[in-house]
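Enquirer: This is the content of run_34.tsv (TSV, C-alpha atoms and all ligand atoms):
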```tsv
chain	number	residue	atom	x	y	z
A	9	MET	CA	1.83	-1.57	41.11
A	10	THR	CA	-1.33	-0.95	39.11
A	11	PHE	CA	-0.74	-3.85	36.74
A	12	GLN	CA	1.19	-6.32	38.90
A	13	GLY	CA	-0.69	-9.65	38.83
A	14	LYS	CA	-3.69	-8.09	37.06
A	15	LYS	CA	-5.36	-9.66	34.04
A	16	VAL	CA	-5.23	-7.35	31.04
A	17	VAL	CA	-6.76	-8.11	27.65
A	18	VAL	CA	-5.23	-6.30	24.68
A	19	THR	CA	-7.30	-6.45	21.49
A	20	GLY	CA	-5.24	-5.98	18.32
A	21	ALA	CA	-2.25	-7.35	20.23
A	22	ALA	CA	-0.41	-8.50	17.11
A	23	GLY	CA	-0.58	-5.00	15.62
A	24	PHE	CA	1.90	-2.16	15.83
A	25	ILE	CA	0.64	-0.35	18.97
A	26	GLY	CA	-1.03	-3.38	20.60
A	27	SER	CA	2.20	-5.42	20.58
A	28	ASN	CA	4.26	-2.57	22.06
A	29	LEU	CA	1.62	-2.12	24.75
A	30	THR	CA	1.61	-5.87	25.45
A	31	ASP	CA	5.38	-5.87	26.04
A	32	SER	CA	5.17	-2.92	28.46
A	33	LEU	CA	2.29	-4.47	30.42
A	34	LEU	CA	4.22	-7.74	30.75
A	35	GLU	CA	7.26	-5.82	32.01
A	36	LEU	CA	5.02	-4.32	34.69
A	37	GLY	CA	3.97	-7.80	35.86
A	38	ALA	CA	0.52	-8.05	34.27
A	39	GLU	CA	-0.98	-11.27	32.95
A	40	VAL	CA	-1.73	-10.34	29.38
A	41	VAL	CA	-4.19	-12.03	27.03
A	42	GLY	CA	-3.60	-10.79	23.51
A	43	ILE	CA	-6.31	-11.23	20.90
A	44	ASP	CA	-6.16	-10.48	17.20
A	45	ASN	CA	-7.71	-11.86	14.00
A	46	LEU	CA	-4.38	-11.25	12.19
A	47	PHE	CA	-6.09	-9.15	9.50
A	48	ASN	CA	-3.20	-6.69	9.67
A	49	GLY	CA	-1.20	-7.89	12.68
A	50	ARG	CA	1.84	-10.16	12.56
A	51	THR	CA	2.56	-12.96	14.98
A	52	GLU	CA	6.28	-12.06	14.90
A	53	ASN	CA	5.33	-8.84	16.74
A	54	LEU	CA	4.58	-11.09	19.69
A	55	ASP	CA	7.90	-12.98	19.70
A	56	GLU	CA	9.08	-11.08	22.80
A	57	ALA	CA	5.76	-11.50	24.61
A	58	ARG	CA	5.67	-15.23	23.93
A	59	LYS	CA	8.85	-15.67	25.97
A	60	ASN	CA	6.90	-14.54	29.05
A	61	LYS	CA	4.84	-17.16	30.91
A	62	ASN	CA	2.29	-14.45	31.78
A	63	PHE	CA	1.31	-14.08	28.12
A	64	GLN	CA	-1.32	-15.93	26.11
A	65	PHE	CA	-2.41	-15.28	22.54
A	66	HIS	CA	-5.82	-16.16	21.12
A	67	LYS	CA	-6.68	-15.71	17.49
A	68	GLY	CA	-10.20	-14.32	17.24
A	69	ASP	CA	-12.39	-11.51	16.07
A	70	VAL	CA	-13.79	-8.62	18.08
A	71	ARG	CA	-17.02	-9.02	16.12
A	72	ASP	CA	-17.53	-12.38	17.86
A	73	LEU	CA	-19.31	-11.69	21.15
A	74	SER	CA	-19.06	-15.20	22.58
A	75	PHE	CA	-15.29	-15.20	21.97
A	76	LEU	CA	-14.97	-11.91	23.85
A	77	LEU	CA	-17.14	-13.12	26.74
A	78	ASP	CA	-14.80	-16.04	27.09
A	79	MET	CA	-11.66	-13.86	26.91
A	80	PHE	CA	-12.92	-11.24	29.37
A	81	GLU	CA	-13.53	-13.61	32.25
A	82	GLU	CA	-12.02	-12.17	35.47
A	83	THR	CA	-10.39	-9.29	33.61
A	84	ASP	CA	-9.23	-6.07	35.24
A	85	PHE	CA	-8.36	-4.00	32.18
A	86	VAL	CA	-9.24	-4.14	28.50
A	87	TYR	CA	-7.15	-2.13	26.07
A	88	HIS	CA	-9.09	-1.99	22.82
A	89	GLU	CA	-6.55	-1.43	20.03
A	90	ALA	CA	-8.04	-3.73	17.35
A	91	ALA	CA	-9.43	-1.79	14.43
A	92	PHE	CA	-9.79	-1.34	10.73
A	93	ALA	CA	-7.05	1.23	11.11
A	94	SER	CA	-6.47	2.93	7.77
A	95	VAL	CA	-8.04	6.18	6.53
A	96	PRO	CA	-7.50	5.53	2.78
A	97	GLN	CA	-8.74	1.95	3.07
A	98	SER	CA	-11.82	3.16	4.93
A	99	VAL	CA	-12.59	5.45	1.98
A	100	LYS	CA	-12.53	2.37	-0.27
A	101	MET	CA	-14.45	0.08	2.08
A	102	PRO	CA	-16.62	2.16	4.44
A	103	GLU	CA	-18.88	-0.75	5.41
A	104	ASN	CA	-15.97	-2.95	6.47
A	105	CYS	CA	-14.53	-0.10	8.52
A	106	HIS	CA	-17.89	0.39	10.23
A	107	ASP	CA	-18.31	-3.31	10.85
A	108	VAL	CA	-14.93	-3.84	12.55
A	109	ASN	CA	-14.77	-0.53	14.41
A	110	VAL	CA	-18.35	0.20	15.45
A	111	ASN	CA	-19.80	-3.31	15.73
A	112	GLY	CA	-16.47	-4.33	17.27
A	113	ILE	CA	-16.62	-1.78	20.06
A	114	MET	CA	-20.25	-2.59	20.77
A	115	ASN	CA	-19.17	-6.18	21.41
A	116	VAL	CA	-16.16	-5.13	23.48
A	117	LEU	CA	-18.30	-2.87	25.66
A	118	ASN	CA	-21.13	-5.38	26.01
A	119	ALA	CA	-18.73	-8.16	26.93
A	120	ALA	CA	-16.82	-5.89	29.35
A	121	ARG	CA	-20.04	-4.88	31.06
A	122	ARG	CA	-21.34	-8.43	31.32
A	123	MET	CA	-18.03	-9.77	32.64
A	124	ASP	CA	-17.54	-6.89	35.10
A	125	VAL	CA	-14.27	-5.62	33.63
A	126	LYS	CA	-12.85	-2.82	35.81
A	127	LYS	CA	-11.72	-0.49	33.03
A	128	VAL	CA	-11.81	-0.22	29.24
A	129	ILE	CA	-9.31	2.02	27.46
A	130	PHE	CA	-9.87	2.70	23.78
A	131	ALA	CA	-7.57	3.77	20.93
A	132	SER	CA	-9.39	6.65	19.31
A	133	SER	CA	-7.90	8.96	16.73
A	134	SER	CA	-7.29	12.61	15.92
A	135	SER	CA	-9.19	11.91	12.68
A	136	VAL	CA	-12.42	12.60	14.63
A	137	TYR	CA	-11.60	16.34	14.41
A	138	GLY	CA	-11.56	16.24	10.62
A	139	GLU	CA	-11.78	19.48	8.75
A	140	ILE	CA	-11.99	22.08	11.51
A	141	PRO	CA	-9.73	25.03	10.68
A	142	ASP	CA	-7.96	25.37	14.06
A	143	LEU	CA	-4.44	24.04	14.00
A	144	LYS	CA	-4.28	23.00	17.62
A	145	LYS	CA	-7.05	20.59	18.52
A	146	ASN	CA	-8.54	20.45	21.98
A	147	GLU	CA	-11.13	17.98	23.19
A	148	GLU	CA	-13.93	20.58	23.46
A	149	MET	CA	-13.82	21.47	19.77
A	150	ARG	CA	-16.39	20.50	17.18
A	151	ARG	CA	-15.66	17.21	15.46
A	152	VAL	CA	-16.25	17.00	11.73
A	153	PRO	CA	-14.69	13.76	10.50
A	154	ILE	CA	-14.05	13.62	6.77
A	155	SER	CA	-13.40	9.91	6.38
A	156	PRO	CA	-15.39	6.77	7.22
A	157	TYR	CA	-12.56	5.90	9.64
A	158	GLY	CA	-12.92	9.23	11.50
A	159	ALA	CA	-16.71	8.84	11.62
A	160	ALA	CA	-16.40	5.31	13.01
A	161	LYS	CA	-13.94	6.41	15.71
A	162	LEU	CA	-16.31	9.22	16.72
A	163	ALA	CA	-19.17	6.71	17.03
A	164	CYS	CA	-16.88	4.50	19.15
A	165	GLU	CA	-16.10	7.40	21.50
A	166	ALA	CA	-19.81	8.07	21.88
A	167	TYR	CA	-20.47	4.43	22.83
A	168	MET	CA	-17.53	4.51	25.26
A	169	TYR	CA	-19.10	7.48	27.02
A	170	VAL	CA	-22.61	5.99	26.96
A	171	PHE	CA	-21.46	2.75	28.57
A	172	TYR	CA	-19.97	4.80	31.41
A	173	HIS	CA	-22.94	7.13	31.74
A	174	VAL	CA	-25.66	4.49	31.51
A	175	TYR	CA	-24.04	1.36	32.93
A	176	GLY	CA	-21.18	2.71	35.08
A	177	LEU	CA	-18.51	0.83	33.09
A	178	LYS	CA	-15.25	2.77	33.52
A	179	THR	CA	-14.22	3.77	30.02
A	180	THR	CA	-11.55	6.17	28.76
A	181	SER	CA	-10.85	7.10	25.13
A	182	LEU	CA	-7.40	8.27	24.07
A	183	ARG	CA	-7.25	10.22	20.82
A	184	TYR	CA	-3.91	9.33	19.30
A	185	PHE	CA	-2.25	11.66	16.81
A	186	ASN	CA	-0.17	9.93	14.03
A	187	VAL	CA	1.85	7.29	15.79
A	188	TYR	CA	5.14	5.85	14.50
A	189	GLY	CA	7.83	3.51	15.73
A	190	PRO	CA	9.06	-0.08	15.86
A	191	ARG	CA	6.72	-2.70	14.34
A	192	GLN	CA	4.81	-0.20	12.26
A	193	ARG	CA	4.10	-1.88	8.93
A	194	ASP	CA	6.32	-0.65	6.11
A	195	ASP	CA	5.05	-2.92	3.35
A	196	SER	CA	1.68	-1.45	2.50
A	197	PRO	CA	0.45	1.75	0.84
A	198	TYR	CA	-1.93	2.11	3.80
A	199	THR	CA	0.77	2.36	6.41
A	200	GLY	CA	2.02	5.60	7.99
A	201	VAL	CA	4.11	8.02	5.96
A	202	ILE	CA	7.23	7.70	8.15
A	203	ALA	CA	7.56	3.96	7.56
A	204	ILE	CA	6.97	4.41	3.82
A	205	TRP	CA	9.42	7.28	3.45
A	206	PHE	CA	12.14	5.63	5.50
A	207	ASN	CA	11.83	2.58	3.29
A	208	ARG	CA	12.02	4.68	0.12
A	209	ALA	CA	14.96	6.73	1.42
A	210	ARG	CA	17.02	3.70	2.30
A	211	ASN	CA	16.25	2.22	-1.13
A	212	ASN	CA	17.41	5.48	-2.79
A	213	GLN	CA	13.94	6.43	-4.05
A	214	ASN	CA	12.46	9.94	-4.01
A	215	LEU	CA	9.75	10.58	-1.39
A	216	ILE	CA	6.20	10.90	-2.78
A	217	VAL	CA	4.12	13.70	-1.22
A	218	PHE	CA	0.31	13.85	-1.59
A	219	GLY	CA	-0.60	17.53	-2.05
A	220	ASP	CA	1.83	20.43	-1.52
A	221	GLY	CA	3.51	18.96	1.57
A	222	GLU	CA	2.52	21.94	3.72
A	223	GLN	CA	-0.02	19.82	5.63
A	224	SER	CA	1.22	19.28	9.18
A	225	ARG	CA	0.96	16.38	11.59
A	226	ASP	CA	1.77	15.76	15.23
A	227	PHE	CA	3.87	12.61	14.76
A	228	THR	CA	4.02	10.79	18.09
A	229	TYR	CA	6.55	8.17	19.06
A	230	VAL	CA	4.90	4.90	20.06
A	231	LYS	CA	6.62	4.85	23.47
A	232	ASP	CA	4.84	8.07	24.39
A	233	VAL	CA	1.52	6.52	23.37
A	234	ILE	CA	2.26	3.49	25.56
A	235	GLN	CA	3.16	5.78	28.46
A	236	ALA	CA	-0.25	7.49	28.07
A	237	ASN	CA	-2.07	4.14	28.03
A	238	LEU	CA	-0.38	3.03	31.22
A	239	LEU	CA	-1.25	6.34	32.91
A	240	ALA	CA	-4.87	5.99	31.78
A	241	GLY	CA	-4.90	2.56	33.45
A	242	GLU	CA	-3.47	3.97	36.70
A	243	LYS	CA	-5.60	7.11	37.01
A	244	ASP	CA	-9.31	7.26	37.62
A	245	VAL	CA	-10.60	9.14	34.57
A	246	PRO	CA	-13.84	7.38	33.58
A	247	GLY	CA	-15.98	8.82	30.81
A	248	GLU	CA	-13.15	11.03	29.57
A	249	ILE	CA	-11.76	11.57	26.07
A	250	ILE	CA	-8.13	12.73	26.06
A	251	ASN	CA	-5.75	13.80	23.27
A	252	ILE	CA	-2.43	11.98	23.12
A	253	GLY	CA	0.23	13.46	20.85
A	254	ALA	CA	3.69	14.93	20.76
A	255	GLY	CA	2.26	18.46	20.94
A	256	ASN	CA	4.77	19.50	18.30
A	257	PRO	CA	3.58	19.62	14.65
A	258	ILE	CA	5.83	19.25	11.64
A	259	SER	CA	4.96	19.78	7.97
A	260	LEU	CA	5.38	16.84	5.63
A	261	ASN	CA	7.98	18.85	3.69
A	262	ASP	CA	10.07	19.29	6.87
A	263	LEU	CA	9.54	15.67	7.86
A	264	GLY	CA	10.72	14.50	4.44
A	265	ARG	CA	13.84	16.64	4.64
A	266	LEU	CA	14.55	15.38	8.19
A	267	ILE	CA	14.27	11.74	7.06
A	268	LEU	CA	16.63	12.42	4.13
A	269	LYS	CA	19.10	14.07	6.52
A	270	LEU	CA	19.00	11.24	9.08
A	271	THR	CA	19.47	8.61	6.39
A	272	ASP	CA	22.16	10.67	4.61
A	273	ARG	CA	20.10	10.74	1.40
A	274	GLU	CA	19.97	14.49	0.86
A	275	HIS	CA	20.45	14.03	-2.88
A	276	LEU	CA	16.91	12.57	-3.09
A	277	LYS	CA	13.86	14.78	-3.75
A	278	LEU	CA	10.30	15.23	-2.56
A	279	GLU	CA	7.99	14.41	-5.51
A	280	TYR	CA	4.54	16.00	-5.38
A	281	THR	CA	1.31	14.32	-6.49
A	282	ASP	CA	-2.48	14.84	-6.04
A	283	PRO	CA	-3.88	15.23	-2.49
A	284	ARG	CA	-5.70	12.18	-1.08
A	285	PRO	CA	-9.43	12.28	-0.28
A	286	GLY	CA	-10.09	12.08	3.46
A	287	ASP	CA	-6.73	13.59	4.42
A	288	ILE	CA	-6.90	16.51	6.82
A	289	LYS	CA	-4.78	19.63	6.35
A	290	HIS	CA	-3.41	20.35	9.83
A	291	SER	CA	-3.49	18.42	13.02
A	292	PHE	CA	-1.71	18.90	16.30
A	293	ALA	CA	-2.67	18.02	19.85
A	294	ASP	CA	-3.47	20.39	22.68
A	295	LEU	CA	-2.15	18.30	25.56
A	296	THR	CA	-3.50	20.42	28.44
A	297	LYS	CA	-6.10	17.81	29.42
A	298	ALA	CA	-3.61	14.93	29.14
A	299	GLN	CA	-1.21	16.83	31.38
A	300	GLU	CA	-3.88	17.71	33.94
A	301	MET	CA	-5.72	14.39	34.09
A	302	LEU	CA	-2.97	11.88	33.35
A	303	ASN	CA	0.16	13.80	34.18
A	304	PHE	CA	1.21	12.92	30.63
A	305	GLN	CA	4.30	14.55	29.19
A	306	PRO	CA	5.72	13.29	25.88
A	307	LYS	CA	9.36	12.27	26.28
A	308	TYR	CA	10.46	12.08	22.63
A	309	THR	CA	11.05	14.89	20.15
A	310	GLN	CA	10.37	13.85	16.56
A	311	GLU	CA	14.08	13.66	15.78
A	312	GLU	CA	14.74	11.45	18.84
A	313	GLY	CA	11.81	9.19	17.99
A	314	LEU	CA	12.85	8.87	14.34
A	315	ARG	CA	16.43	8.05	15.29
A	316	GLU	CA	15.36	5.32	17.73
A	317	TYR	CA	12.87	3.87	15.25
A	318	PHE	CA	15.31	3.84	12.32
A	319	LYS	CA	18.04	2.25	14.47
A	320	TRP	CA	15.63	-0.47	15.58
A	321	TYR	CA	14.66	-1.10	11.94
A	322	ILE	CA	18.25	-1.28	10.74
A	323	GLU	CA	19.24	-3.70	13.48
A	324	LYS	CA	16.18	-5.92	13.02
A	325	ASN	CA	16.61	-6.17	9.25
A	326	ASN	CA	20.39	-6.28	9.31
A	327	ILE	CA	20.68	-3.31	6.98
A	328	ASP	CA	23.93	-1.57	6.20
A	329	LEU	CA	22.91	2.03	6.87
A	330	GLU	CA	24.08	4.61	9.36
A	331	ILE	CA	21.71	7.13	10.96
A	332	HIS	CA	23.19	10.65	10.98
B	401	LIG	N1	-1.03	4.16	14.12
B	401	LIG	C1	-1.59	5.35	14.26
B	401	LIG	O1	-1.06	6.38	13.82
B	401	LIG	C2	-2.91	5.50	14.97
B	401	LIG	C3	-3.45	6.80	15.14
B	401	LIG	C4	-4.67	6.93	15.78
B	401	LIG	C5	-5.35	5.82	16.24
B	401	LIG	N2	-4.82	4.58	16.02
B	401	LIG	C6	-5.58	3.43	16.52
B	401	LIG	O2	-4.73	2.65	17.33
B	401	LIG	C7	-5.10	1.27	17.24
B	401	LIG	C8	-3.89	0.43	16.86
B	401	LIG	O3	-3.43	0.87	15.57
B	401	LIG	P1	-2.15	0.30	14.87
B	401	LIG	O4	-1.49	1.41	14.17
B	401	LIG	O5	-1.39	-0.54	15.83
B	401	LIG	O6	-2.81	-0.60	13.75
B	401	LIG	P2	-2.56	-2.15	13.38
B	401	LIG	O7	-3.34	-2.41	12.15
B	401	LIG	O8	-1.10	-2.45	13.41
B	401	LIG	O9	-3.24	-2.88	14.61
B	401	LIG	C9	-4.62	-3.18	14.65
B	401	LIG	C10	-4.72	-4.67	14.93
B	401	LIG	O10	-6.10	-5.02	15.00
B	401	LIG	C11	-6.24	-6.29	14.37
B	401	LIG	N3	-7.63	-6.43	13.94
B	401	LIG	C12	-8.22	-5.84	12.87
B	401	LIG	N4	-9.50	-6.23	12.78
B	401	LIG	C13	-9.72	-7.07	13.83
B	401	LIG	C14	-10.85	-7.80	14.26
B	401	LIG	N5	-12.02	-7.73	13.60
B	401	LIG	N6	-10.74	-8.58	15.36
B	401	LIG	C15	-9.55	-8.68	16.02
B	401	LIG	N7	-8.44	-8.02	15.63
B	401	LIG	C16	-8.53	-7.21	14.55
B	401	LIG	C17	-5.27	-6.27	13.22
B	401	LIG	O11	-4.93	-7.57	12.76
B	401	LIG	C18	-4.09	-5.53	13.83
B	401	LIG	O12	-3.16	-6.43	14.41
B	401	LIG	C19	-6.23	1.22	16.21
B	401	LIG	O13	-7.45	1.26	16.90
B	401	LIG	C20	-6.04	2.49	15.43
B	401	LIG	O14	-7.25	2.92	14.83
B	401	LIG	C21	-3.62	4.40	15.40
```
What do you get writing this file as structure tokens?
Ligand SMILES: NC(=O)c1ccc[n+]([C@@H]2O[C@H](COP(=O)([O-])OP(=O)(O)OC[C@H]3O[C@@H](n4cnc5c(N)ncnc54)[C@H](O)[C@@H]3O)[C@@H](O)[C@H]2O)c1

Expert:
Amino acid sequence: MTFQGKKVVVTGAAGFIGSNLTDSLLELGAEVVGIDNLFNGRTENLDEARKNKNFQFHKGDVRDLSFLLDMFEETDFVYHEAAFASVPQSVKMPENCHDVNVNGIMNVLNAARRMDVKKVIFASSSSVYGEIPDLKKNEEMRRVPISPYGAAKLACEAYMYVFYHVYGLKTTSLRYFNVYGPRQRDDSPYTGVIAIWFNRARNNQNLIVFGDGEQSRDFTYVKDVIQANLLAGEKDVPGEIINIGAGNPISLNDLGRLILKLTDREHLKLEYTDPRPGDIKHSFADLTKAQEMLNFQPKYTQEEGLREYFKWYIEKNNIDLEIH
């Protein structure tokens, strides 16, 4: 009932996570206003949403305060997903990353405060932890980002908290750990490794690994991330920062082998190349806080998530491939 008839603004709505979130909010009866500057998003991601009379799309930039003031009129929830969302690209263009992410959130928070938005929920990232040695990350740990993207997300979290503490705006930051699933871009070197490797496997190309492949990640299926966002909208958890992951790390070597097995391409190889600057070695979410505060429990194992994602991809692109 939380979202029925409520106005929800999703920034970055044409992106991978924003468009999945938009669809779920519409299913729950919300009136959704999606905004995106289409820097990385695709309008086709909103084809489903556009069929719903409770959906509107506005092309615009989160760095434009007057646009946001206009969009946030009489808004209950803002989900801030828009971002300069790539670690390697942020290493190449730190000032652009800062501009979109940090100046962007300042506008989102200012506009939300001025327009009396009830709640702002923000897509943060596990990259804020950076190079701390502990495998399992909990929210109390030190944060030592090692990329401009991680640094920007940390600054965003700080502003989220400050706007709650100083102005009473109800803000919650969710730290996502490597998300994958339908609508993830597969056509750019800056996209997630699962989309790139699936594409290579189906095209009978070896999988390229940066480093020795022993780095691990907590790959999280997008539907679990959406579940967490909806719970964060329902529960009263202002000022909090909460990890959202699968809670189940996998090394890139094991992930590669799993993708080759599922696509029946076990004759292909993992090909090793230099590590990438800004990449962290291990990362996996302690979900205790998410369980306690949000009652969040991931529903997908990595194999289940990969199967569902690959099947969606095959059907959408009309590809002749069977998932094993
Ligand atoms: N995908 C992941 O693994 C992951 C992990 C941690 C955090 N996140 C965060 O989740 C959010 C969504 O990520 P995603 O994977 O869907 O990325 P995405 O690039 O698919 O979506 C981001 C969207 O924001 C839009 N955008 C970029 N700059 C904008 C601007 N100035 N004004 C308006 N719109 C703008 C893009 O066009 C894009 O549609 C981002 O904040 C990202 O940092 C993602």

Enquirer: Kindly give the distance, in Å, that separates CA of Leu268 in chain A and atom C9 of ligand LIG 401 (chain B), rounded to a single decimal.

Expert: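 We find that CA of Leu268 in chain A and atom C9 of ligand LIG 401 (chain B) lie 28.4 Å from each other.
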
Enquirer: Name the residues, by chain letter and number, that sit within 7 Å of ligand LIG 401 (chain B) using all atoms listed in the file, and give them as a PDB file with C-alpha atoms, keeping the file's coordinate frame.

Expert:
```
ATOM      1  CA  THR A  19      -7.300  -6.450  21.490  1.00  0.00           C
ATOM      2  CA  GLY A  20      -5.240  -5.980  18.320  1.00  0.00           C
ATOM      3  CA  ALA A  21      -2.250  -7.350  20.230  1.00  0.00           C
ATOM      4  CA  ALA A  22      -0.410  -8.500  17.110  1.00  0.00           C
ATOM      5  CA  GLY A  23      -0.580  -5.000  15.620  1.00  0.00           C
ATOM      6  CA  PHE A  24       1.900  -2.160  15.830  1.00  0.00           C
ATOM      7  CA  ILE A  25       0.640  -0.350  18.970  1.00  0.00           C
ATOM      8  CA  GLY A  26      -1.030  -3.380  20.600  1.00  0.00           C
ATOM      9  CA  ILE A  43      -6.310 -11.230  20.900  1.00  0.00           C
ATOM     10  CA  ASP A  44      -6.160 -10.480  17.200  1.00  0.00           C
ATOM     11  CA  ASN A  45      -7.710 -11.860  14.000  1.00  0.00           C
ATOM     12  CA  LEU A  46      -4.380 -11.250  12.190  1.00  0.00           C
ATOM     13  CA  PHE A  47      -6.090  -9.150   9.500  1.00  0.00           C
ATOM     14  CA  ASN A  48      -3.200  -6.690   9.670  1.00  0.00           C
ATOM     15  CA  GLY A  49      -1.200  -7.890  12.680  1.00  0.00           C
ATOM     16  CA  ARG A  50       1.840 -10.160  12.560  1.00  0.00           C
ATOM     17  CA  GLY A  68     -10.200 -14.320  17.240  1.00  0.00           C
ATOM     18  CA  ASP A  69     -12.390 -11.510  16.070  1.00  0.00           C
ATOM     19  CA  VAL A  70     -13.790  -8.620  18.080  1.00  0.00           C
ATOM     20  CA  ARG A  71     -17.020  -9.020  16.120  1.00  0.00           C
ATOM     21  CA  HIS A  88      -9.090  -1.990  22.820  1.00  0.00           C
ATOM     22  CA  GLU A  89      -6.550  -1.430  20.030  1.00  0.00           C
ATOM     23  CA  ALA A  90      -8.040  -3.730  17.350  1.00  0.00           C
ATOM     24  CA  ALA A  91      -9.430  -1.790  14.430  1.00  0.00           C
ATOM     25  CA  PHE A  92      -9.790  -1.340  10.730  1.00  0.00           C
ATOM     26  CA  ALA A  93      -7.050   1.230  11.110  1.00  0.00           C
ATOM     27  CA  VAL A 108     -14.930  -3.840  12.550  1.00  0.00           C
ATOM     28  CA  GLY A 112     -16.470  -4.330  17.270  1.00  0.00           C
ATOM     29  CA  ALA A 131      -7.570   3.770  20.930  1.00  0.00           C
ATOM     30  CA  SER A 132      -9.390   6.650  19.310  1.00  0.00           C
ATOM     31  CA  SER A 133      -7.900   8.960  16.730  1.00  0.00           C
ATOM     32  CA  SER A 134      -7.290  12.610  15.920  1.00  0.00           C
ATOM     33  CA  ARG A 183      -7.250  10.220  20.820  1.00  0.00           C
ATOM     34  CA  TYR A 184      -3.910   9.330  19.300  1.00  0.00           C
ATOM     35  CA  PHE A 185      -2.250  11.660  16.810  1.00  0.00           C
ATOM     36  CA  ASN A 186      -0.170   9.930  14.030  1.00  0.00           C
ATOM     37  CA  VAL A 187       1.850   7.290  15.790  1.00  0.00           C
ATOM     38  CA  TYR A 188       5.140   5.850  14.500  1.00  0.00           C
ATOM     39  CA  GLN A 192       4.810  -0.200  12.260  1.00  0.00           C
ATOM     40  CA  ARG A 193       4.100  -1.880   8.930  1.00  0.00           C
ATOM     41  CA  GLY A 200       2.020   5.600   7.990  1.00  0.00           C
TER      42      GLY A 200
END
```

Enquirer: For Arg315 in chain A, find every residue with an atom within 10 Å (counting all atoms listed in the file), except residues of its own chain fewer than 3 positions away, and show them as number ranges by chain.

Expert: A: 189, 267, 270-271, 309-312, 318-321, 331-332

Enquirer: Would you kindly return, as JSON, numbers by chain, each protein, DNA or RNA residue with an atom no farther than 10 Å from any atom of range 235-239 of chain A, considering all atoms listed in the file and excluding same-chain residues fewer than 4 positions away?

Expert: {"A": [10, 11, 29, 32, 33, 36, 87, 129, 130, 131, 180, 181, 182, 184, 230, 231, 243, 244, 245, 250, 251, 252, 253, 298, 299, 301, 302, 303, 304, 305, 306, 307]}

Enquirer: So how many Å separate CA of Gly255 in chain A and CA of Tyr308 in chain A, to one decimal?

Expert: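 Between CA of Gly255 in chain A and CA of Tyr308 in chain A the gap is 10.5 Å.
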
Enquirer: Since the input lacks some atoms of range 182-192 of chain A, please model N, CA, C and O atoms and print them as a short mmCIF file (atom, residue, chain, number, x, y, z; two decimals), in the coordinates of the input.

Expert:
```cif
data_model
loop_
_atom_site.label_atom_id
_atom_site.label_comp_id
_atom_site.auth_asym_id
_atom_site.auth_seq_id
_atom_site.Cartn_x
_atom_site.Cartn_y
_atom_site.Cartn_z
N LEU A 182 -8.61 7.48 24.34
CA LEU A 182 -7.40 8.27 24.07
C LEU A 182 -7.37 8.57 22.58
O LEU A 182 -7.39 7.65 21.76
N ARG A 183 -7.31 9.85 22.25
CA ARG A 183 -7.25 10.22 20.82
C ARG A 183 -5.80 10.33 20.40
O ARG A 183 -5.15 11.34 20.67
N TYR A 184 -5.30 9.31 19.75
CA TYR A 184 -3.91 9.33 19.30
C TYR A 184 -3.76 10.20 18.06
O TYR A 184 -4.60 10.15 17.16
N PHE A 185 -2.63 10.90 18.00
CA PHE A 185 -2.25 11.66 16.81
C PHE A 185 -1.13 10.89 16.13
O PHE A 185 -0.15 10.54 16.80
N ASN A 186 -1.20 10.64 14.84
CA ASN A 186 -0.17 9.93 14.03
C ASN A 186 0.99 9.28 14.79
O ASN A 186 1.96 9.95 15.14
N VAL A 187 0.86 8.02 15.01
CA VAL A 187 1.85 7.29 15.79
C VAL A 187 2.86 6.61 14.87
O VAL A 187 2.49 6.13 13.79
N TYR A 188 4.12 6.56 15.29
CA TYR A 188 5.14 5.85 14.50
C TYR A 188 6.10 5.16 15.44
O TYR A 188 6.20 5.51 16.63
N GLY A 189 6.83 4.18 14.91
CA GLY A 189 7.83 3.51 15.73
C GLY A 189 7.99 2.05 15.35
O GLY A 189 7.41 1.58 14.36
N PRO A 190 8.80 1.33 16.14
CA PRO A 190 9.06 -0.08 15.86
C PRO A 190 7.78 -0.90 15.68
O PRO A 190 6.83 -0.71 16.42
N ARG A 191 7.79 -1.76 14.69
CA ARG A 191 6.72 -2.70 14.34
C ARG A 191 5.61 -2.08 13.50
O ARG A 191 4.65 -2.76 13.15
N GLN A 192 5.75 -0.79 13.20
CA GLN A 192 4.81 -0.20 12.26
C GLN A 192 5.01 -0.88 10.91
O GLN A 192 6.16 -1.10 10.51
#
```
